[in-house]
Amino acid sequence: MAALTASFTTLSVSSKAGSFQKGQSLRMVAPKATPARQTMQVVAEERIRLNNLTPLPGSRRKEMRKGRGYGGKGGGTCGVGNRGQKSRTTIRPGFEGGQNPIYRALPKLRGICGGMSAGKLKFVTVNLKDLAGLEADSEVSLESLKAMGMFKADGAQRKLPLKVLGEGELSSPLKIKAASFSASAVEKIKAAGGSVEIVAQKEKWTRAAHEAKIASA
């Protein structure tokens with residue numbers, strides 16, 4: 001008959017026959033607990049009404065209160081310190097920490113390229129010295145000068161009106177039609193026996209002029 005010797009942690013079984021050798025020890029293992037039976041409880045769904053509307057669980061969280069003192073989150077300064085650039089919420093555009101910013105270091109273009117709309121051309125100009133070689137009693141207009149190639153008629157100048165300036169002298173009378181004349185040009189043209197005709201420009205649309213035009217109609 002086999003003799004059993006038990007202790008708190010090991011179990012020794014000694015026998016003459018069997019698969020276990022003499023003096024072999026076995027460790028005692030507690031039996032596994034059987035899982036509890038899961039029960040399903042059926043709850044009748046309640047109709048959705050105004051008095052039972054609630055947000056989904058986890059969809060709304062409590063707002064974190066920062067900067068409310070050293071007893072809360074972030075202490076008194078929210079962890080950003082007291083002063084300096086990093087303690088501000090926003091930094092103005094172009095600020096580079098106090099050094100000379102790039103928009104001041106780069107050179108600026110003058111005139112139209114620098115953004116000055118007052119420098120844009122308002123007329124295509126021609127001087128009297130450019131008209132001195134024309135035949136007497138010939139008619140000069142914007143279209144005839146474009147046909148002769150007196151100036152560029154493309155790009156930003158293709159829609160500009162003509163203005164005659166008084167640089168130079170006229171030896172023959174001419175019939176000149178333009179949107180504007182300088183005072184010296186008018187004197188020299190009339191002194192040479194020519195004529196001056198001011199061509200009406202395209203009227204600039206404004207709301208006040210448009211409403212006045214409708215009211216007078």
# chains A, B, ... in the order shown; residues from 1 in each chain; ligands from 1
>>> select_by_dssp(residues="range 46-198 of chain A", states="strand (DSSP E or B)", output="CSV table (one decimal) with all heavy atoms, in the first residue's frame")
chain,number,residue,atom,x,y,z
A,66,LYS,N,-8.4,75.7,-15.8
A,66,LYS,CA,-7.0,76.0,-15.7
A,66,LYS,C,-6.7,77.4,-15.2
A,66,LYS,O,-7.5,78.2,-15.4
A,66,LYS,CB,-6.3,75.8,-17.1
A,66,LYS,CG,-6.2,74.4,-17.6
A,66,LYS,CD,-5.5,74.4,-19.0
A,66,LYS,CE,-5.3,73.0,-19.5
A,66,LYS,NZ,-4.6,72.9,-20.8
A,73,LYS,N,-5.6,72.4,-11.8
A,73,LYS,CA,-4.8,72.0,-13.0
A,73,LYS,C,-4.0,73.2,-13.5
A,73,LYS,O,-4.6,74.2,-13.8
A,73,LYS,CB,-5.6,71.4,-14.1
A,73,LYS,CG,-4.9,70.9,-15.3
A,73,LYS,CD,-4.0,69.7,-15.0
A,73,LYS,CE,-3.3,69.2,-16.2
A,73,LYS,NZ,-2.5,68.0,-15.9
A,124,VAL,N,-2.2,107.5,-72.3
A,124,VAL,CA,-1.1,107.3,-73.2
A,124,VAL,C,-0.7,108.6,-73.8
A,124,VAL,O,-1.5,109.3,-74.4
A,124,VAL,CB,-1.5,106.3,-74.3
A,124,VAL,CG1,-0.4,106.2,-75.3
A,124,VAL,CG2,-2.0,105.0,-73.8
A,125,THR,N,0.5,109.0,-73.6
A,125,THR,CA,1.0,110.4,-73.9
A,125,THR,C,1.8,110.4,-75.2
A,125,THR,O,2.5,109.5,-75.5
A,125,THR,CB,1.8,111.0,-72.7
A,125,THR,OG1,3.0,110.1,-72.5
A,125,THR,CG2,1.0,111.0,-71.5
A,126,VAL,N,1.6,111.5,-75.9
A,126,VAL,CA,2.4,111.8,-77.1
A,126,VAL,C,2.8,113.3,-77.1
A,126,VAL,O,1.9,114.1,-76.7
A,126,VAL,CB,1.6,111.4,-78.4
A,126,VAL,CG1,0.4,112.2,-78.5
A,126,VAL,CG2,2.5,111.5,-79.6
A,127,ASN,N,4.0,113.6,-77.5
A,127,ASN,CA,4.4,115.0,-77.5
A,127,ASN,C,4.3,115.6,-78.9
A,127,ASN,O,4.2,114.9,-79.9
A,127,ASN,CB,5.9,115.1,-77.1
A,127,ASN,CG,6.0,115.0,-75.6
A,127,ASN,OD1,5.7,115.9,-74.8
A,127,ASN,ND2,6.5,113.8,-75.1
A,138,SER,N,-3.5,116.8,-91.6
A,138,SER,CA,-3.8,115.3,-91.4
A,138,SER,C,-4.5,115.2,-90.0
A,138,SER,O,-4.3,116.0,-89.1
A,138,SER,CB,-2.6,114.5,-91.4
A,138,SER,OG,-1.6,115.0,-90.4
A,139,GLU,N,-5.4,114.2,-89.9
A,139,GLU,CA,-6.1,114.0,-88.7
A,139,GLU,C,-5.4,113.0,-87.8
A,139,GLU,O,-5.0,111.9,-88.2
A,139,GLU,CB,-7.5,113.4,-89.0
A,139,GLU,CG,-8.4,113.3,-87.8
A,139,GLU,CD,-9.8,112.8,-88.2
A,139,GLU,OE1,-10.2,113.1,-89.3
A,139,GLU,OE2,-10.5,112.2,-87.4
A,140,VAL,N,-5.2,113.4,-86.5
A,140,VAL,CA,-4.4,112.6,-85.6
A,140,VAL,C,-5.4,112.2,-84.5
A,140,VAL,O,-6.1,113.0,-83.9
A,140,VAL,CB,-3.3,113.4,-85.0
A,140,VAL,CG1,-2.5,112.5,-84.0
A,140,VAL,CG2,-2.3,113.9,-86.1
A,162,LEU,N,-5.9,108.9,-74.9
A,162,LEU,CA,-4.7,109.7,-75.4
A,162,LEU,C,-4.7,111.1,-74.7
A,162,LEU,O,-5.7,111.7,-74.6
A,162,LEU,CB,-4.8,109.8,-76.9
A,162,LEU,CG,-3.7,110.6,-77.6
A,162,LEU,CD1,-2.4,110.0,-77.4
A,162,LEU,CD2,-4.1,110.8,-79.1
A,163,LYS,N,-3.4,111.5,-74.4
A,163,LYS,CA,-3.2,112.8,-74.0
A,163,LYS,C,-2.0,113.4,-74.7
A,163,LYS,O,-1.0,112.8,-74.9
A,163,LYS,CB,-2.9,112.9,-72.5
A,163,LYS,CG,-2.7,114.3,-71.9
A,163,LYS,CD,-2.5,114.3,-70.4
A,163,LYS,CE,-2.4,115.7,-69.9
A,163,LYS,NZ,-2.2,115.7,-68.4
A,164,VAL,N,-2.2,114.7,-75.2
A,164,VAL,CA,-1.1,115.3,-76.0
A,164,VAL,C,-0.4,116.3,-75.1
A,164,VAL,O,-1.0,117.2,-74.4
A,164,VAL,CB,-1.7,116.1,-77.2
A,164,VAL,CG1,-0.6,116.7,-78.0
A,164,VAL,CG2,-2.5,115.1,-78.1
A,165,LEU,N,0.9,116.2,-75.1
A,165,LEU,CA,1.8,117.1,-74.3
A,165,LEU,C,2.5,118.1,-75.2
A,165,LEU,O,2.6,117.9,-76.4
A,165,LEU,CB,2.8,116.3,-73.5
A,165,LEU,CG,2.2,115.3,-72.5
A,165,LEU,CD1,3.4,114.5,-71.9
A,165,LEU,CD2,1.3,115.9,-71.5
A,174,LEU,N,-2.5,120.7,-87.8
A,174,LEU,CA,-3.0,119.3,-87.6
A,174,LEU,C,-4.4,119.3,-86.9
A,174,LEU,O,-4.6,120.2,-86.1
A,174,LEU,CB,-2.0,118.4,-86.8
A,174,LEU,CG,-0.6,118.2,-87.4
A,174,LEU,CD1,0.2,117.5,-86.4
A,174,LEU,CD2,-0.7,117.5,-88.7
A,175,LYS,N,-5.2,118.3,-87.2
A,175,LYS,CA,-6.5,118.1,-86.5
A,175,LYS,C,-6.3,117.0,-85.6
A,175,LYS,O,-6.3,115.8,-85.9
A,175,LYS,CB,-7.6,117.8,-87.5
A,175,LYS,CG,-7.8,118.9,-88.6
A,175,LYS,CD,-8.9,118.5,-89.6
A,175,LYS,CE,-9.1,119.6,-90.6
A,175,LYS,NZ,-10.1,119.2,-91.7
A,176,ILE,N,-6.2,117.4,-84.3
A,176,ILE,CA,-5.8,116.4,-83.3
A,176,ILE,C,-7.1,116.1,-82.4
A,176,ILE,O,-7.7,117.1,-81.9
A,176,ILE,CB,-4.7,116.9,-82.4
A,176,ILE,CG1,-3.5,117.2,-83.3
A,176,ILE,CG2,-4.3,115.8,-81.4
A,176,ILE,CD1,-2.3,117.7,-82.5
A,177,LYS,N,-7.4,114.8,-82.2
A,177,LYS,CA,-8.5,114.4,-81.3
A,177,LYS,C,-7.8,113.6,-80.2
A,177,LYS,O,-7.2,112.6,-80.5
A,177,LYS,CB,-9.5,113.5,-82.1
A,177,LYS,CG,-10.2,114.3,-83.3
A,177,LYS,CD,-11.1,113.3,-84.0
A,177,LYS,CE,-11.8,114.0,-85.1
A,177,LYS,NZ,-12.8,113.1,-85.8
A,178,ALA,N,-8.1,114.0,-79.0
A,178,ALA,CA,-7.5,113.3,-77.8
A,178,ALA,C,-8.5,113.5,-76.6
A,178,ALA,O,-9.3,114.4,-76.7
A,178,ALA,CB,-6.1,113.8,-77.5
A,180,SER,N,-7.3,114.4,-73.6
A,180,SER,CA,-6.8,115.5,-72.8
A,180,SER,C,-5.6,116.2,-73.5
A,180,SER,O,-4.9,115.5,-74.3
A,180,SER,CB,-6.4,114.9,-71.4
A,180,SER,OG,-5.9,116.0,-70.6
A,181,PHE,N,-5.5,117.5,-73.2
A,181,PHE,CA,-4.4,118.3,-73.8
A,181,PHE,C,-3.8,119.1,-72.6
A,181,PHE,O,-4.5,119.5,-71.7
A,181,PHE,CB,-4.9,119.2,-74.9
A,181,PHE,CG,-5.4,118.5,-76.1
A,181,PHE,CD1,-6.7,118.1,-76.2
A,181,PHE,CD2,-4.5,118.3,-77.2
A,181,PHE,CE1,-7.2,117.5,-77.3
A,181,PHE,CE2,-5.0,117.7,-78.3
A,181,PHE,CZ,-6.3,117.3,-78.4
A,195,SER,N,-6.3,122.4,-85.1
A,195,SER,CA,-7.5,122.4,-84.3
A,195,SER,C,-7.4,121.3,-83.2
A,195,SER,O,-6.7,120.3,-83.4
A,195,SER,CB,-8.8,122.1,-85.2
A,195,SER,OG,-8.7,120.8,-85.8
A,196,VAL,N,-8.2,121.5,-82.1
A,196,VAL,CA,-8.1,120.6,-81.0
A,196,VAL,C,-9.6,120.2,-80.7
A,196,VAL,O,-10.5,121.0,-80.6
A,196,VAL,CB,-7.6,121.3,-79.7
A,196,VAL,CG1,-7.7,120.5,-78.5
A,196,VAL,CG2,-6.1,121.7,-80.0
A,197,GLU,N,-9.7,118.9,-80.6
A,197,GLU,CA,-11.0,118.3,-80.3
A,197,GLU,C,-10.9,117.3,-79.1
A,197,GLU,O,-10.0,116.4,-79.2
A,197,GLU,CB,-11.6,117.6,-81.5
A,197,GLU,CG,-13.0,117.0,-81.3
A,197,GLU,CD,-13.5,116.3,-82.5
A,197,GLU,OE1,-13.0,116.4,-83.6
A,197,GLU,OE2,-14.6,115.6,-82.3
A,198,ILE,N,-11.6,117.5,-78.1
A,198,ILE,CA,-11.6,116.7,-76.9
A,198,ILE,C,-12.6,115.5,-77.1
A,198,ILE,O,-13.8,115.8,-77.2
A,198,ILE,CB,-11.8,117.5,-75.6
A,198,ILE,CG1,-10.8,118.5,-75.4
A,198,ILE,CG2,-11.9,116.5,-74.4
A,198,ILE,CD1,-11.0,119.4,-74.2
>>> closest_residue(among="A:Glu211, A:Ser171, A:Arg68, A:Glu63", to="Ala132 in chain A", atoms="only C-alpha atoms")
A:Ser171
>>> atom_distance(atom1="CA of Gly115 in chain A", atom2="CA of Pro93 in chain A")
19.7 Å
